[in-house]
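Notes to accompany the following structure.
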Amino acid sequence: MLTTVLNACGNAKFKADYDLALPDFEHINQRGEAVSLKSLKGKPWIGMYIFTNCTSICPPMSFNMAQVQEKLKKKGVEDYQIVAFSVDPDVDKPEVLADYLSKYNVPDDSKWNLLTGYSQKYIEQFAVKSTKIMVKDDPNTDQVIHGNQFFLVDKDGVLVKMYTGYAKNIEDVPIDTMASDIETYIDENL
């Protein structure tokens, strides 16, 4: 009986919660490289929305994503990318995004793609239509209102999971769950 219990614990299966196929896109990352849905295919990636002069949730979300990457590094997981779409593309040019990322102690910045090179209207529509996450420019300030979710996109470009990317209590951000889900997905699908 103990063997049965141990086997059941060791056989976690990846279960998608969503089935949202993302549309094709091609944008520029913080290194000035083109990144497209096609170039990301073949590996899962974790996405989020941020902007560099954010005064609220973006810094802790970026920190939390770095923590997820640290967990993945400790697990020896390599086959993934991190994609952050800027919600303030007029300000967030590639060099601004590169400077922003340098402020976080990320274990491997080559896995990060902070994207820009589109209009404000485009990212607002892309976020809502593609990922069901709200993005809205605040015309009264230099801030952009946006959701705090992280989302997991599978190797085929389909959004399959969403997670809380920011919470007042860090314990409410499922960093371990995200790392385990990514590890399980890779083990089962790559």
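In the structure tokens, each chain is lettered A, B, ... as it comes, each chain's residues begin at 1, and ligands are numbered from 1 in order of appearance.
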
For range 168-175 of chain A, please output as a CSV table (one decimal) with N, CA and C atoms, in the first residue's frame all residues within 8 Å (counting only C-alpha atoms; exclusion window: fewer than 3 positions along the same chain).
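As written to disk, result.csv reads:
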chain,number,residue,atom,x,y,z
A,64,ASN,N,8.8,38.8,-8.1
A,64,ASN,CA,8.2,37.4,-7.9
A,64,ASN,C,8.6,36.5,-9.1
A,65,MET,N,8.6,37.1,-10.3
A,65,MET,CA,9.0,36.3,-11.5
A,65,MET,C,10.4,35.9,-11.4
A,67,GLN,N,11.9,35.2,-8.6
A,67,GLN,CA,11.8,34.1,-7.7
A,67,GLN,C,11.4,32.8,-8.3
A,68,VAL,N,10.4,32.9,-9.2
A,68,VAL,CA,10.0,31.7,-10.0
A,68,VAL,C,11.2,31.1,-10.7
A,71,LYS,N,13.6,29.3,-8.5
A,71,LYS,CA,13.1,27.9,-8.2
A,71,LYS,C,13.3,27.0,-9.4
A,163,TYR,N,-1.9,32.7,-12.9
A,163,TYR,CA,-1.5,32.7,-11.5
A,163,TYR,C,-1.5,34.2,-11.0
A,164,THR,N,-1.7,34.3,-9.7
A,164,THR,CA,-1.5,35.6,-9.1
A,164,THR,C,-0.1,36.0,-9.1
A,165,GLY,N,0.2,37.2,-9.7
A,165,GLY,CA,1.6,37.6,-9.8
A,165,GLY,C,2.0,38.6,-8.7
A,178,MET,N,3.9,27.5,-9.5
A,178,MET,CA,4.3,27.9,-10.9
A,178,MET,C,5.5,27.1,-11.3
A,179,ALA,N,6.5,27.0,-10.5
A,179,ALA,CA,7.7,26.3,-10.9
A,179,ALA,C,7.4,24.8,-11.0

Subject >> For Ser39 in chain A: contacts at 12 Å, only C-alpha atoms, fewer than 6 positions along chain excluded, given as a VMD selection string >> reply: chain A and resid 24 to 27 33 45 81 83 113 155 to 157

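Near Cys54 in chain A, within a cut-off of 10 Å and counting only C-alpha atoms, sit the residues Pro59, Val87, Asp88, Asp142, Gln143, Val144 and Ile145 of chain A, with same-chain residues fewer than 5 positions away left out.
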
Original post:
Asn148 in chain A: which residues within 8 Å, counting only C-alpha atoms, same-chain residues fewer than 5 positions away excluded, as a PyMOL selection string?
Top reply: chain A and resi 48-49+57+61+164-166

Every residue of range 5-163 of chain A that DSSP places in strand (DSSP E or B), as a short mmCIF file (atom, residue, chain, number, x, y, z; two decimals) with C-alpha atoms, in the first residue's frame:
data_model
loop_
_atom_site.label_atom_id
_atom_site.label_comp_id
_atom_site.auth_asym_id
_atom_site.auth_seq_id
_atom_site.Cartn_x
_atom_site.Cartn_y
_atom_site.Cartn_z
CA LEU A 20 -6.63 30.40 -25.21
CA ALA A 21 -4.65 30.27 -28.46
CA GLU A 26 6.28 40.05 -33.40
CA HIS A 27 7.82 42.71 -31.16
CA ILE A 28 11.25 43.92 -30.03
CA ALA A 34 12.65 40.46 -32.74
CA VAL A 35 10.54 38.07 -30.64
CA SER A 36 7.45 36.47 -32.13
CA TRP A 45 6.81 30.55 -21.50
CA ILE A 46 5.52 32.59 -18.61
CA GLY A 47 3.98 35.93 -19.51
CA MET A 48 3.04 39.11 -17.66
CA TYR A 49 2.30 42.78 -18.23
CA ILE A 50 4.57 45.44 -16.70
CA GLN A 81 11.20 31.65 -21.53
CA ILE A 82 9.83 34.65 -19.63
CA VAL A 83 7.92 37.25 -21.62
CA ALA A 84 6.91 40.64 -20.19
CA PHE A 85 4.80 42.85 -22.42
CA SER A 86 5.27 46.55 -21.69
CA TRP A 112 13.78 37.16 -20.31
CA ASN A 113 12.10 39.00 -23.18
CA LEU A 114 10.71 42.39 -22.19
CA LEU A 115 8.70 43.40 -25.23
CA THR A 116 7.85 46.75 -26.80
CA VAL A 135 -4.78 46.92 -19.55
CA LYS A 136 -5.91 50.55 -19.58
CA ASP A 137 -3.95 53.78 -19.86
CA VAL A 144 -1.17 52.29 -16.71
CA ILE A 145 -3.77 50.14 -14.99
CA HIS A 146 -3.27 46.44 -15.63
CA GLN A 149 -1.63 37.87 -13.43
CA PHE A 150 1.18 35.68 -14.64
CA PHE A 151 0.16 33.31 -17.43
CA LEU A 152 1.69 30.09 -18.66
CA VAL A 153 1.73 29.55 -22.42
CA VAL A 158 -1.79 28.38 -26.07
CA LEU A 159 -2.39 30.05 -22.70
CA VAL A 160 -3.06 27.16 -20.31
CA LYS A 161 -2.71 28.54 -16.75
CA MET A 162 -3.01 31.83 -14.85
CA TYR A 163 -1.53 32.72 -11.49
#

Original post:
Contacts of Thr184 in chain A at 10 Å or less, counting only C-alpha atoms, minus same-chain residues fewer than 6 places along, as a ChimeraX atom specification?
Top reply: /A:11-15,77,178

Writing out the chosen residues with C-alpha atoms as a compact mmCIF listing (two decimals), in the first residue's frame:
# COMPACT_ATOMS: atom_id res chain seq x y z
CA ASN A 11 2.92 11.09 -10.76
CA ALA A 12 1.62 14.63 -10.83
CA LYS A 13 -0.02 15.31 -14.18
CA PHE A 14 -0.11 18.70 -15.82
CA LYS A 15 -3.68 19.94 -16.16
CA VAL A 77 14.63 23.30 -15.48
CA MET A 178 4.26 27.88 -10.90

Original post:
In Å to one decimal, how far is CA of Tyr100 in chain A from CA of Leu37 in chain A?
Top reply: 23.1 Å

Which of chain A DSSP labels alpha helix (DSSP H), written as a PDB file with C-alpha atoms, in the first residue's frame:
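Wrote part-v3.pdb, looks like this:
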ATOM      1  CA  LEU A   2       2.869   2.388   0.782  1.00  0.00           C
ATOM      2  CA  THR A   3       4.236   1.847  -2.731  1.00  0.00           C
ATOM      3  CA  THR A   4       0.867   2.810  -4.205  1.00  0.00           C
ATOM      4  CA  VAL A   5       0.774   6.008  -2.145  1.00  0.00           C
ATOM      5  CA  LEU A   6       4.343   6.918  -3.105  1.00  0.00           C
ATOM      6  CA  ASN A   7       3.661   6.257  -6.785  1.00  0.00           C
ATOM      7  CA  ALA A   8       0.544   8.408  -6.700  1.00  0.00           C
ATOM      8  CA  CYS A   9       2.486  11.308  -5.161  1.00  0.00           C
ATOM      9  CA  GLY A  10       5.232  11.075  -7.754  1.00  0.00           C
ATOM     10  CA  LEU A  37       4.921  33.882 -31.130  1.00  0.00           C
ATOM     11  CA  LYS A  38       6.577  31.648 -33.740  1.00  0.00           C
ATOM     12  CA  SER A  39      10.064  32.150 -32.239  1.00  0.00           C
ATOM     13  CA  LEU A  40       8.723  31.254 -28.787  1.00  0.00           C
ATOM     14  CA  CYS A  58       5.233  45.946 -11.410  1.00  0.00           C
ATOM     15  CA  PRO A  59       8.325  45.938  -9.168  1.00  0.00           C
ATOM     16  CA  PRO A  60       6.967  43.194  -6.875  1.00  0.00           C
ATOM     17  CA  MET A  61       5.669  41.237  -9.891  1.00  0.00           C
ATOM     18  CA  SER A  62       9.116  41.400 -11.499  1.00  0.00           C
ATOM     19  CA  PHE A  63      10.711  40.329  -8.213  1.00  0.00           C
ATOM     20  CA  ASN A  64       8.229  37.437  -7.925  1.00  0.00           C
ATOM     21  CA  MET A  65       8.983  36.313 -11.485  1.00  0.00           C
ATOM     22  CA  ALA A  66      12.694  36.330 -10.626  1.00  0.00           C
ATOM     23  CA  GLN A  67      11.834  34.089  -7.658  1.00  0.00           C
ATOM     24  CA  VAL A  68      10.012  31.673  -9.972  1.00  0.00           C
ATOM     25  CA  GLN A  69      13.108  31.588 -12.178  1.00  0.00           C
ATOM     26  CA  GLU A  70      15.286  30.919  -9.140  1.00  0.00           C
ATOM     27  CA  LYS A  71      13.087  27.922  -8.217  1.00  0.00           C
ATOM     28  CA  LEU A  72      13.302  26.625 -11.790  1.00  0.00           C
ATOM     29  CA  LYS A  73      17.083  26.988 -11.724  1.00  0.00           C
ATOM     30  CA  LYS A  74      17.273  24.987  -8.475  1.00  0.00           C
ATOM     31  CA  LYS A  75      15.138  22.267 -10.094  1.00  0.00           C
ATOM     32  CA  PRO A  94      14.516  48.526 -25.509  1.00  0.00           C
ATOM     33  CA  GLU A  95      17.287  50.317 -23.581  1.00  0.00           C
ATOM     34  CA  VAL A  96      14.798  51.427 -20.881  1.00  0.00           C
ATOM     35  CA  LEU A  97      13.573  47.842 -20.523  1.00  0.00           C
ATOM     36  CA  ALA A  98      17.175  46.563 -20.332  1.00  0.00           C
ATOM     37  CA  ASP A  99      17.905  49.033 -17.536  1.00  0.00           C
ATOM     38  CA  TYR A 100      14.726  47.976 -15.711  1.00  0.00           C
ATOM     39  CA  LEU A 101      15.647  44.274 -15.870  1.00  0.00           C
ATOM     40  CA  SER A 102      19.171  44.999 -14.609  1.00  0.00           C
ATOM     41  CA  GLN A 120      -0.727  51.661 -26.463  1.00  0.00           C
ATOM     42  CA  LYS A 121      -4.021  50.792 -28.172  1.00  0.00           C
ATOM     43  CA  TYR A 122      -2.519  47.562 -29.531  1.00  0.00           C
ATOM     44  CA  ILE A 123      -1.379  46.270 -26.115  1.00  0.00           C
ATOM     45  CA  GLU A 124      -4.712  47.165 -24.494  1.00  0.00           C
ATOM     46  CA  GLN A 125      -6.575  45.158 -27.162  1.00  0.00           C
ATOM     47  CA  PHE A 126      -4.031  42.317 -27.239  1.00  0.00           C
ATOM     48  CA  ILE A 175       5.786  30.729  -6.783  1.00  0.00           C
ATOM     49  CA  ASP A 176       6.314  27.052  -5.907  1.00  0.00           C
ATOM     50  CA  THR A 177       3.165  26.015  -7.782  1.00  0.00           C
ATOM     51  CA  MET A 178       4.262  27.884 -10.897  1.00  0.00           C
ATOM     52  CA  ALA A 179       7.707  26.302 -10.850  1.00  0.00           C
ATOM     53  CA  SER A 180       6.210  22.844 -10.299  1.00  0.00           C
ATOM     54  CA  ASP A 181       3.640  23.323 -13.074  1.00  0.00           C
ATOM     55  CA  ILE A 182       6.330  24.383 -15.533  1.00  0.00           C
ATOM     56  CA  GLU A 183       8.566  21.478 -14.525  1.00  0.00           C
ATOM     57  CA  THR A 184       5.671  19.002 -14.865  1.00  0.00           C
ATOM     58  CA  TYR A 185       4.608  20.456 -18.216  1.00  0.00           C
ATOM     59  CA  ILE A 186       8.158  20.192 -19.592  1.00  0.00           C
ATOM     60  CA  ASP A 187       8.603  16.645 -18.266  1.00  0.00           C
ATOM     61  CA  GLU A 188       5.364  15.538 -19.959  1.00  0.00           C
ATOM     62  CA  ASN A 189       5.569  17.499 -23.213  1.00  0.00           C
TER      63      ASN A 189
END
